[in-house]
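File shown: my_file-v1.txt (compact mmCIF, C-alpha atoms).
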```txt
# COMPACT_ATOMS: atom_id res chain seq x y z
CA MET A 902 52.15 -11.62 20.77
CA ASN A 903 48.58 -11.43 19.49
CA HIS A 904 47.37 -12.70 22.84
CA LEU A 905 49.30 -9.93 24.63
CA LYS A 906 47.80 -7.30 22.31
CA LYS A 907 44.29 -8.62 23.03
CA VAL A 908 44.93 -8.51 26.79
CA LEU A 909 46.27 -4.94 26.58
CA LYS A 910 43.35 -3.85 24.42
CA LYS A 911 40.86 -5.42 26.81
CA THR A 912 42.60 -3.81 29.79
CA MET A 913 42.53 -0.41 28.08
CA ILE A 914 38.82 -0.74 27.29
CA ILE A 915 38.01 -1.74 30.87
CA THR A 916 40.08 1.16 32.19
CA LEU A 917 38.29 3.63 29.91
CA ILE A 918 34.92 2.24 30.97
CA ILE A 919 35.84 2.61 34.67
CA ILE A 920 37.04 6.19 34.09
CA GLY A 921 33.85 6.96 32.16
CA VAL A 922 31.67 5.53 34.92
CA LEU A 923 33.55 7.55 37.55
CA VAL A 924 33.24 10.77 35.53
CA LEU A 925 29.51 10.22 34.92
CA SER A 926 28.98 9.34 38.58
CA TYR A 927 30.78 12.50 39.67
CA LEU A 928 28.77 14.68 37.29
CA ALA A 929 25.50 13.10 38.41
CA PHE A 930 26.49 13.46 42.07
CA THR A 931 27.51 17.11 41.81
CA ASN A 932 24.58 18.11 39.59
CA TYR A 933 21.80 16.47 41.57
CA TYR A 934 23.04 16.25 45.16
CA PRO A 935 21.89 19.52 46.79
CA SER A 936 24.77 20.06 49.22
CA PHE A 937 27.08 21.13 46.37
CA GLY A 938 25.00 24.30 46.03
CA GLY A 939 24.58 26.47 42.95
CA ASP A 940 26.79 27.71 40.14
CA VAL A 941 27.48 31.32 39.19
CA SER A 942 25.78 32.03 35.86
CA LYS A 943 27.31 34.07 33.01
CA PRO A 944 24.97 37.04 33.63
CA ARG A 945 25.94 36.97 37.28
CA GLN A 946 29.61 36.93 36.36
CA ILE A 947 29.06 40.05 34.26
CA SER A 948 27.61 41.79 37.32
CA TYR A 949 30.91 41.16 39.15
CA GLN A 950 33.05 42.91 36.52
CA ASN A 951 33.35 46.05 38.64
CA SER A 952 35.03 44.11 41.44
CA LYS A 953 38.81 44.57 41.56
CA GLN A 954 39.00 40.98 42.77
CA PHE A 955 37.21 39.51 39.71
CA LYS A 956 39.46 38.74 36.72
CA ASP A 957 39.01 36.38 33.77
CA GLY A 958 35.90 34.83 35.23
CA LYS A 959 37.38 34.12 38.67
CA PHE A 960 38.01 35.88 41.96
CA THR A 961 41.62 36.46 42.95
CA ASN A 962 43.67 37.48 45.96
CA VAL A 963 45.68 40.71 46.09
CA ASN A 964 48.67 38.44 45.57
CA PRO A 965 47.68 36.73 42.28
CA ARG A 966 50.03 33.81 42.97
CA VAL A 967 47.88 32.72 45.92
CA PRO A 968 46.73 30.01 46.27
CA LYS A 969 49.71 28.14 44.89
CA GLU A 970 48.69 25.91 42.01
CA MET A 971 49.80 22.34 42.73
CA ASN A 972 50.47 19.95 39.88
CA PHE A 973 48.83 16.52 39.75
CA SER A 974 51.62 14.69 41.58
CA GLU A 975 51.71 17.30 44.36
CA THR A 976 47.95 17.09 44.76
CA MET A 977 48.03 13.31 44.93
CA SER A 978 50.86 13.49 47.47
CA VAL A 979 48.81 15.73 49.75
CA VAL A 980 45.72 13.53 49.38
CA TYR A 981 47.75 10.37 50.03
CA SER A 982 49.45 11.79 53.12
CA PHE A 983 46.15 13.03 54.53
CA PHE A 984 44.55 9.59 54.34
CA THR A 985 47.60 7.54 55.35
CA ALA A 986 49.50 9.67 57.87
CA LYS A 987 49.06 8.73 61.50
CA VAL A 988 48.65 11.85 63.61
CA PRO A 989 49.03 11.24 67.36
CA ASN A 990 46.34 13.14 69.23
CA GLY A 991 44.75 14.17 65.95
CA ARG A 992 41.36 14.44 67.59
CA PRO A 993 40.08 14.39 71.20
CA LYS A 994 39.70 10.99 72.83
CA ARG A 995 36.06 11.83 73.55
CA ASP A 996 33.49 14.42 72.52
CA LEU A 997 34.38 17.88 73.74
CA ASP A 998 32.54 19.16 76.79
CA VAL A 999 29.98 21.83 75.95
CA SER A 1000 28.45 24.44 78.26
CA LYS A 1001 24.69 24.49 77.70
CA VAL A 1002 22.77 27.75 77.27
CA ASP A 1003 19.15 28.24 78.31
CA SER A 1004 16.90 29.03 75.33
CA LEU A 1005 14.72 31.52 77.23
CA ALA A 1006 17.78 33.35 78.54
CA VAL A 1007 19.12 33.64 74.98
CA ALA A 1008 15.77 34.79 73.57
CA ASN A 1009 15.40 37.49 76.23
CA TYR A 1010 19.04 38.61 76.43
CA LYS A 1011 19.48 42.40 76.58
CA GLY A 1012 22.92 42.71 78.17
CA ASP A 1013 26.34 43.73 76.90
CA ALA A 1014 27.44 42.40 73.54
CA ARG A 1015 28.42 38.74 73.83
CA LEU A 1016 29.33 35.67 71.82
CA ILE A 1017 28.55 31.99 72.24
CA TRP A 1018 31.07 29.72 70.47
CA TYR A 1019 29.74 26.61 68.72
CA GLY A 1020 33.20 25.24 67.95
CA HIS A 1021 35.38 25.69 64.84
CA SER A 1022 34.35 29.10 63.37
CA ALA A 1023 30.65 29.18 64.30
CA PHE A 1024 29.21 31.76 66.72
CA LEU A 1025 25.99 33.20 68.00
CA LEU A 1026 26.55 36.94 68.45
CA GLN A 1027 24.11 38.99 70.54
CA ILE A 1028 24.72 42.71 70.14
CA ASP A 1029 22.50 45.82 70.37
CA GLY A 1030 19.46 43.62 70.95
CA LYS A 1031 20.10 41.63 67.76
CA ASN A 1032 20.97 38.00 67.13
CA LEU A 1033 23.59 37.22 64.50
CA LEU A 1034 25.15 33.94 63.41
CA LEU A 1035 28.74 33.85 62.12
CA ASP A 1036 29.64 30.97 59.79
CA PRO A 1037 26.99 28.73 61.37
CA MET A 1038 28.29 25.35 60.24
CA LEU A 1039 26.23 23.17 62.59
CA GLY A 1040 26.51 19.91 60.68
CA LYS A 1041 28.23 16.70 61.71
CA VAL A 1042 30.70 16.43 58.83
CA ALA A 1043 32.53 19.15 56.87
CA ALA A 1044 31.91 17.49 53.51
CA PRO A 1045 29.20 17.22 50.85
CA HIS A 1046 28.20 13.76 52.13
CA PRO A 1047 28.54 12.08 55.56
CA TRP A 1048 30.68 9.32 54.06
CA LEU A 1049 33.28 11.83 52.87
CA GLY A 1050 34.46 13.22 56.20
CA SER A 1051 34.99 12.51 59.88
CA SER A 1052 32.61 13.71 62.59
CA ARG A 1053 33.05 17.01 64.39
CA PHE A 1054 34.59 17.00 67.86
CA ASN A 1055 31.42 18.12 69.68
CA GLU A 1056 28.24 16.11 69.19
CA LYS A 1057 26.21 18.52 71.34
CA PHE A 1058 25.74 22.27 70.97
CA PRO A 1059 25.31 25.07 73.54
CA LEU A 1060 21.79 25.55 72.20
CA GLU A 1061 20.30 23.32 69.54
CA VAL A 1062 19.56 25.08 66.27
CA GLU A 1063 15.86 24.35 66.60
CA LYS A 1064 15.79 26.34 69.86
CA LEU A 1065 17.59 29.42 68.57
CA PRO A 1066 15.54 32.63 68.63
CA GLN A 1067 14.79 34.60 65.47
CA ILE A 1068 18.06 35.50 63.77
CA ASP A 1069 18.44 39.06 62.49
CA ALA A 1070 21.42 38.32 60.28
CA VAL A 1071 23.61 35.41 59.20
CA ILE A 1072 27.12 36.21 58.00
CA PHE A 1073 29.20 33.79 55.94
CA SER A 1074 32.90 34.24 55.16
CA HIS A 1075 33.13 31.88 52.17
CA ASP A 1076 31.63 28.74 50.64
CA HIS A 1077 33.83 25.90 51.95
CA TYR A 1078 32.06 23.02 53.68
CA ASP A 1079 33.41 23.71 57.15
CA HIS A 1080 31.84 27.21 57.00
CA LEU A 1081 28.79 26.95 54.72
CA ASP A 1082 26.72 23.85 55.34
CA HIS A 1083 23.62 22.82 53.38
CA GLU A 1084 21.76 21.16 56.24
CA SER A 1085 22.49 24.06 58.60
CA VAL A 1086 21.09 26.58 56.14
CA LEU A 1087 17.91 24.51 55.76
CA LYS A 1088 17.45 24.60 59.54
CA ILE A 1089 17.99 28.34 59.99
CA LYS A 1090 16.64 29.92 56.79
CA ASP A 1091 13.02 30.25 57.96
CA LYS A 1092 14.04 31.98 61.19
CA THR A 1093 16.59 34.30 59.57
CA LYS A 1094 15.71 37.81 58.39
CA HIS A 1095 18.75 38.35 56.17
CA PHE A 1096 21.98 36.76 54.94
CA TYR A 1097 25.20 38.73 54.26
CA VAL A 1098 27.81 37.00 52.10
CA PRO A 1099 30.78 37.77 49.83
CA LEU A 1100 30.10 38.10 46.10
CA GLY A 1101 28.76 34.92 44.50
CA VAL A 1102 28.02 32.98 47.68
CA GLY A 1103 24.34 33.86 47.32
CA VAL A 1104 23.99 31.29 44.52
CA HIS A 1105 24.32 28.49 47.06
CA LEU A 1106 21.74 29.97 49.41
CA GLU A 1107 19.31 30.53 46.53
CA SER A 1108 19.71 26.93 45.41
CA TRP A 1109 18.68 25.88 48.94
CA GLY A 1110 15.51 27.95 48.95
CA VAL A 1111 16.61 31.30 50.39
CA SER A 1112 14.97 34.21 48.58
CA SER A 1113 17.37 36.52 46.76
CA GLU A 1114 15.55 39.41 48.48
CA ASN A 1115 16.93 38.12 51.78
CA ILE A 1116 20.55 37.98 50.59
CA THR A 1117 23.07 40.81 50.32
CA GLU A 1118 26.27 40.02 48.45
CA MET A 1119 29.20 42.33 49.24
CA ASP A 1120 32.64 43.06 47.83
CA TRP A 1121 35.74 43.86 49.88
CA TRP A 1122 35.57 47.23 51.65
CA GLN A 1123 31.82 47.61 51.11
CA GLU A 1124 29.83 48.72 54.14
CA THR A 1125 26.18 48.32 55.10
CA GLN A 1126 23.99 49.02 58.12
CA ILE A 1127 21.86 46.59 60.10
CA ASP A 1128 19.96 49.27 61.98
CA SER A 1129 22.47 50.45 64.61
CA LEU A 1130 25.21 48.05 63.47
CA LYS A 1131 27.82 48.70 60.80
CA LEU A 1132 28.88 45.63 58.82
CA VAL A 1133 32.00 45.75 56.64
CA CYS A 1134 33.12 43.07 54.19
CA THR A 1135 36.91 43.08 54.44
CA PRO A 1136 39.69 41.20 52.61
CA ALA A 1137 41.11 37.76 53.32
CA GLN A 1138 43.74 35.68 51.53
CA HIS A 1139 42.05 32.41 50.74
CA PHE A 1140 40.11 30.64 47.95
CA SER A 1141 36.69 29.11 47.29
CA GLY A 1142 34.82 26.26 45.62
CA ARG A 1143 32.50 23.38 46.48
CA LYS A 1144 33.37 21.03 43.62
CA LEU A 1145 36.21 20.37 41.19
CA ASN A 1146 35.06 22.73 38.45
CA ASN A 1147 33.99 25.89 40.32
CA GLY A 1148 37.09 26.99 42.20
CA GLN A 1149 37.34 30.76 42.83
CA SER A 1150 33.87 31.35 41.34
CA THR A 1151 32.78 33.03 44.58
CA LEU A 1152 34.59 35.52 46.81
CA TRP A 1153 35.96 34.97 50.34
CA SER A 1154 36.21 37.60 53.06
CA SER A 1155 36.65 38.61 56.66
CA TRP A 1156 34.14 40.87 58.45
CA VAL A 1157 34.06 43.88 60.75
CA ILE A 1158 31.02 44.29 63.00
CA GLN A 1159 30.68 47.61 64.82
CA SER A 1160 28.11 48.93 67.27
CA GLU A 1161 28.24 52.28 69.02
CA ASN A 1162 30.22 50.69 71.86
CA GLU A 1163 31.89 47.56 70.46
CA ASN A 1164 34.22 46.73 67.60
CA LEU A 1165 34.54 43.08 66.55
CA TYR A 1166 36.64 41.43 63.84
CA PHE A 1167 35.91 37.99 62.35
CA SER A 1168 38.76 36.65 60.21
CA GLY A 1169 37.08 33.89 58.23
CA ASP A 1170 39.91 31.84 56.69
CA SER A 1171 43.11 33.53 55.58
CA GLY A 1172 46.81 33.26 55.07
CA TYR A 1173 49.01 35.87 56.71
CA ALA A 1174 49.31 38.99 54.55
CA ALA A 1175 49.27 42.79 54.55
CA HIS A 1176 45.45 43.08 54.60
CA PHE A 1177 45.42 42.66 58.39
CA THR A 1178 47.43 45.86 58.82
CA GLU A 1179 45.20 47.71 56.35
CA ILE A 1180 42.03 46.58 58.14
CA GLY A 1181 43.52 47.58 61.48
CA GLN A 1182 44.37 51.02 60.17
CA LYS A 1183 40.91 51.60 58.67
CA TYR A 1184 38.66 50.04 61.31
CA GLY A 1185 40.76 49.25 64.40
CA PRO A 1186 41.45 49.08 67.18
CA PHE A 1187 39.22 46.06 67.92
CA ASN A 1188 37.90 45.03 71.31
CA LEU A 1189 38.14 41.41 70.16
CA ALA A 1190 39.40 39.67 67.03
CA LEU A 1191 38.18 36.14 66.24
CA MET A 1192 41.22 34.74 64.46
CA GLU A 1193 41.69 31.67 62.31
CA CYS A 1194 44.12 29.27 64.01
CA GLY A 1195 43.94 25.68 62.83
CA GLN A 1196 43.93 23.31 59.83
CA TYR A 1197 47.33 24.61 58.70
CA ASN A 1198 50.30 23.04 56.98
CA GLU A 1199 53.50 24.40 55.42
CA LYS A 1200 52.22 23.16 52.04
CA TRP A 1201 49.23 25.50 52.18
CA ALA A 1202 50.56 28.25 54.46
CA ASP A 1203 49.55 30.90 51.92
CA ILE A 1204 45.84 30.30 52.60
CA HIS A 1205 45.84 29.20 56.28
CA MET A 1206 47.93 30.96 58.92
CA MET A 1207 50.35 29.16 61.15
CA PRO A 1208 49.56 29.80 64.86
CA GLU A 1209 52.45 32.21 65.29
CA GLU A 1210 51.11 34.24 62.35
CA THR A 1211 47.69 34.33 63.99
CA ALA A 1212 49.21 36.19 66.94
CA LEU A 1213 51.10 38.56 64.62
CA ALA A 1214 47.88 39.28 62.72
CA GLY A 1215 46.22 40.19 66.01
CA LEU A 1216 48.85 42.88 66.52
CA ASP A 1217 48.46 44.08 62.92
CA LEU A 1218 44.73 44.50 63.51
CA ARG A 1219 45.35 46.48 66.71
CA ALA A 1220 43.20 44.04 68.67
CA ASP A 1221 42.94 44.36 72.44
CA LYS A 1222 42.65 40.58 72.58
CA ILE A 1223 42.22 37.66 70.20
CA MET A 1224 40.30 34.42 70.33
CA PRO A 1225 41.71 31.51 68.27
CA ILE A 1226 39.03 29.87 66.12
CA HIS A 1227 38.96 27.28 63.33
CA TRP A 1228 40.18 24.64 65.78
CA ALA A 1229 38.37 22.30 68.22
CA GLY A 1230 35.82 21.38 65.60
CA PHE A 1231 37.09 19.18 62.78
CA LYS A 1232 40.23 17.30 61.78
CA LEU A 1233 41.09 18.93 58.46
CA ALA A 1234 44.90 18.93 58.67
CA LEU A 1235 47.77 16.80 59.95
CA HIS A 1236 48.56 18.52 63.25
CA GLU A 1237 47.55 17.51 66.77
CA TRP A 1238 44.20 18.97 67.70
CA THR A 1239 45.72 20.97 70.59
CA ASP A 1240 48.72 22.22 68.60
CA PRO A 1241 47.00 25.46 67.46
CA ILE A 1242 46.09 26.67 70.92
CA THR A 1243 49.46 25.70 72.43
CA ARG A 1244 51.49 27.50 69.78
CA VAL A 1245 49.37 30.65 69.49
CA LYS A 1246 49.38 31.16 73.26
CA ALA A 1247 53.16 30.84 73.37
CA LYS A 1248 53.66 33.39 70.59
CA ALA A 1249 51.05 35.78 72.01
CA LYS A 1250 52.78 35.70 75.39
CA GLU A 1251 56.02 36.68 73.68
CA LEU A 1252 54.20 39.55 71.93
CA GLN A 1253 52.31 40.56 75.09
CA LEU A 1254 48.98 40.03 73.33
CA GLU A 1255 46.00 38.79 75.34
CA VAL A 1256 44.44 35.51 74.19
CA ILE A 1257 41.07 34.30 75.47
CA THR A 1258 40.26 30.58 75.41
CA PRO A 1259 36.59 30.00 76.22
CA GLN A 1260 35.08 26.55 76.22
CA ILE A 1261 32.40 25.79 73.65
CA GLY A 1262 29.18 27.38 74.92
CA GLN A 1263 30.85 29.62 77.48
CA GLU A 1264 29.68 33.25 77.45
CA ILE A 1265 32.20 35.67 75.87
CA LYS A 1266 31.64 39.35 76.61
CA ILE A 1267 33.25 41.36 73.81
CA LYS A 1268 34.55 44.12 76.11
CA ASP A 1269 35.16 41.85 79.10
CA SER A 1270 38.40 42.47 80.98
CA VAL A 1271 37.85 40.36 84.09
CA SER A 1272 36.98 36.79 83.06
CA ASN A 1273 39.55 34.05 83.41
CA TYR A 1274 39.42 31.09 81.04
CA THR A 1275 40.74 27.64 81.88
CA GLU A 1276 42.99 25.48 79.74
CA TRP A 1277 40.04 23.13 79.28
CA TRP A 1278 41.56 21.25 76.32
CA LYS A 1279 44.14 19.65 78.64
CA PHE A 1280 41.35 17.71 80.36
CA GLN A 1281 39.65 16.30 77.25
```

Mind turning this structure into structure tokens?
Amino acid sequence: MNHLKKVLKKTMIITLIIIGVLVLSYLAFTNYYPSFGGDVSKPRQISYQNSKQFKDGKFTNVNPRVPKEMNFSETMSVVYSFFTAKVPNGRPKRDLDVSKVDSLAVANYKGDARLIWYGHSAFLLQIDGKNLLLDPMLGKVAAPHPWLGSSRFNEKFPLEVEKLPQIDAVIFSHDHYDHLDHESVLKIKDKTKHFYVPLGVGVHLESWGVSSENITEMDWWQETQIDSLKLVCTPAQHFSGRKLNNGQSTLWSSWVIQSENENLYFSGDSGYAAHFTEIGQKYGPFNLALMECGQYNEKWADIHMMPEETALAGLDLRADKIMPIHWAGFKLALHEWTDPITRVKAKAKELQLEVITPQIGQEIKIKDSVSNYTEWWKFQ
């Protein structure tokens, strides 16, 4: 009996030591590894008190029950299934083909407003003689460290970040790793005039060496001008956080970008909700809506749309056409990598909504009505 007590006591001590080491390792990792970004200070939190979205020290959705809080067992179940489930066709069998773009042609472009897709949710937007980047996650892994995630589907880019021209504005939708990437910011910050982000996200950029003078934080429904362009920070139904203890400390958003002749919507990440209709009523119709469509699951449907909802949201926005994004970049859910595009096209056909499906790097004219896009994913 005494021997059993000694064994149990020793086991408990060893367990506590292991837990202590893990906790200390996590704290050291998150506090000193730069990719985790910054933390919102108390004085900064006070400055957010006027935001309708900021309550009790955190940002919230219009529906306060979103995102659904999972208990420990539910969380562990999701984590376990993600690492153990076998997903047929979960990623392409080879790197995705990428159309290359000439650096001089990009630097000297003066034509109609156009986009160049970098995969997932990242774009180069050229409009009114300006160069903008949307959620330029140009890293290899959507995680704080290369060991913590799988590689993106496209090793090459249409134009390497080092060859990009001067960037007039960078727009981020929120602070998750597949949208806001430390290494990408380091590569673009010295060639970027200004960053536009939802409330709080500036703390990460500042921690990576971007001057606060070059950052504009915006709340939902706030508008600003970039010379001839109107930029509007609009709602989304999502969440935020880059480590375990700073969830919802920064805001998430979608964006409207308007020139005299074009009207573009960029969804960021969002569950399906009434804000799409409200945005459509206030700022639509849109020539093109870039719509989240990927990394979904019924267990987190409140913060990531199912493909059929993506098509419905396009109608709510009064979009002439939609382009599915947030797919063909990373494996962050348990569906086949081509499932998003297959399902959204089927639903859009039923709704008589036009869907464009450019290949990574292919030119996308915002007001184009003549281009035909192939089903390129079937040949990967």

Separation of atom CA of Asp1069 of chain A from atom CA of Tyr1097 of chain A in Å: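 Atom CA of Tyr1097 of chain A sits 10.7 Å away from atom CA of Asp1069 of chain A.
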
Close residues, segment 1012-1026 of chain A itself excluded, 9 Å, all atoms listed in the file, min 3 positions apart in chain, as a ChimeraX atom specification: /A:999,1002,1029-1039,1053-1055,1058-1060,1079-1080,1162-1163,1169,1191-1193,1195,1226-1231,1259-1268

Straight-line distance linking atom CA of Glu1114 of chain A with atom CA of Val1071 of chain A, stated in Å to one decimal: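 The value is 14.0 Å.
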
Of the listed residues A:Val941, A:Ala1175, A:Ile1158, A:Leu1152, that which approaches Thr1125 of chain A most closely, counting all atoms listed in the file: A:Ile1158

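Going from atom CA of Ile1180 of chain A over to atom CA of Phe960 of chain A, you cover 19.8 Å.
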
A:Ala1212, A:Met1224, A:Gln1281, A:Asn1009 ranked by distance to Arg995 of chain A, top pick (using only C-alpha atoms):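 Selected residue with least distance to Arg995 of chain A: A:Gln1281.
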
Surrounding residues of Val967 of chain A excluding itself and chain neighbours under 5 positions, 9 Å, all atoms listed in the file, as a VMD selection string: chain A and resid 961 to 962 1138 to 1140 1203 to 1204
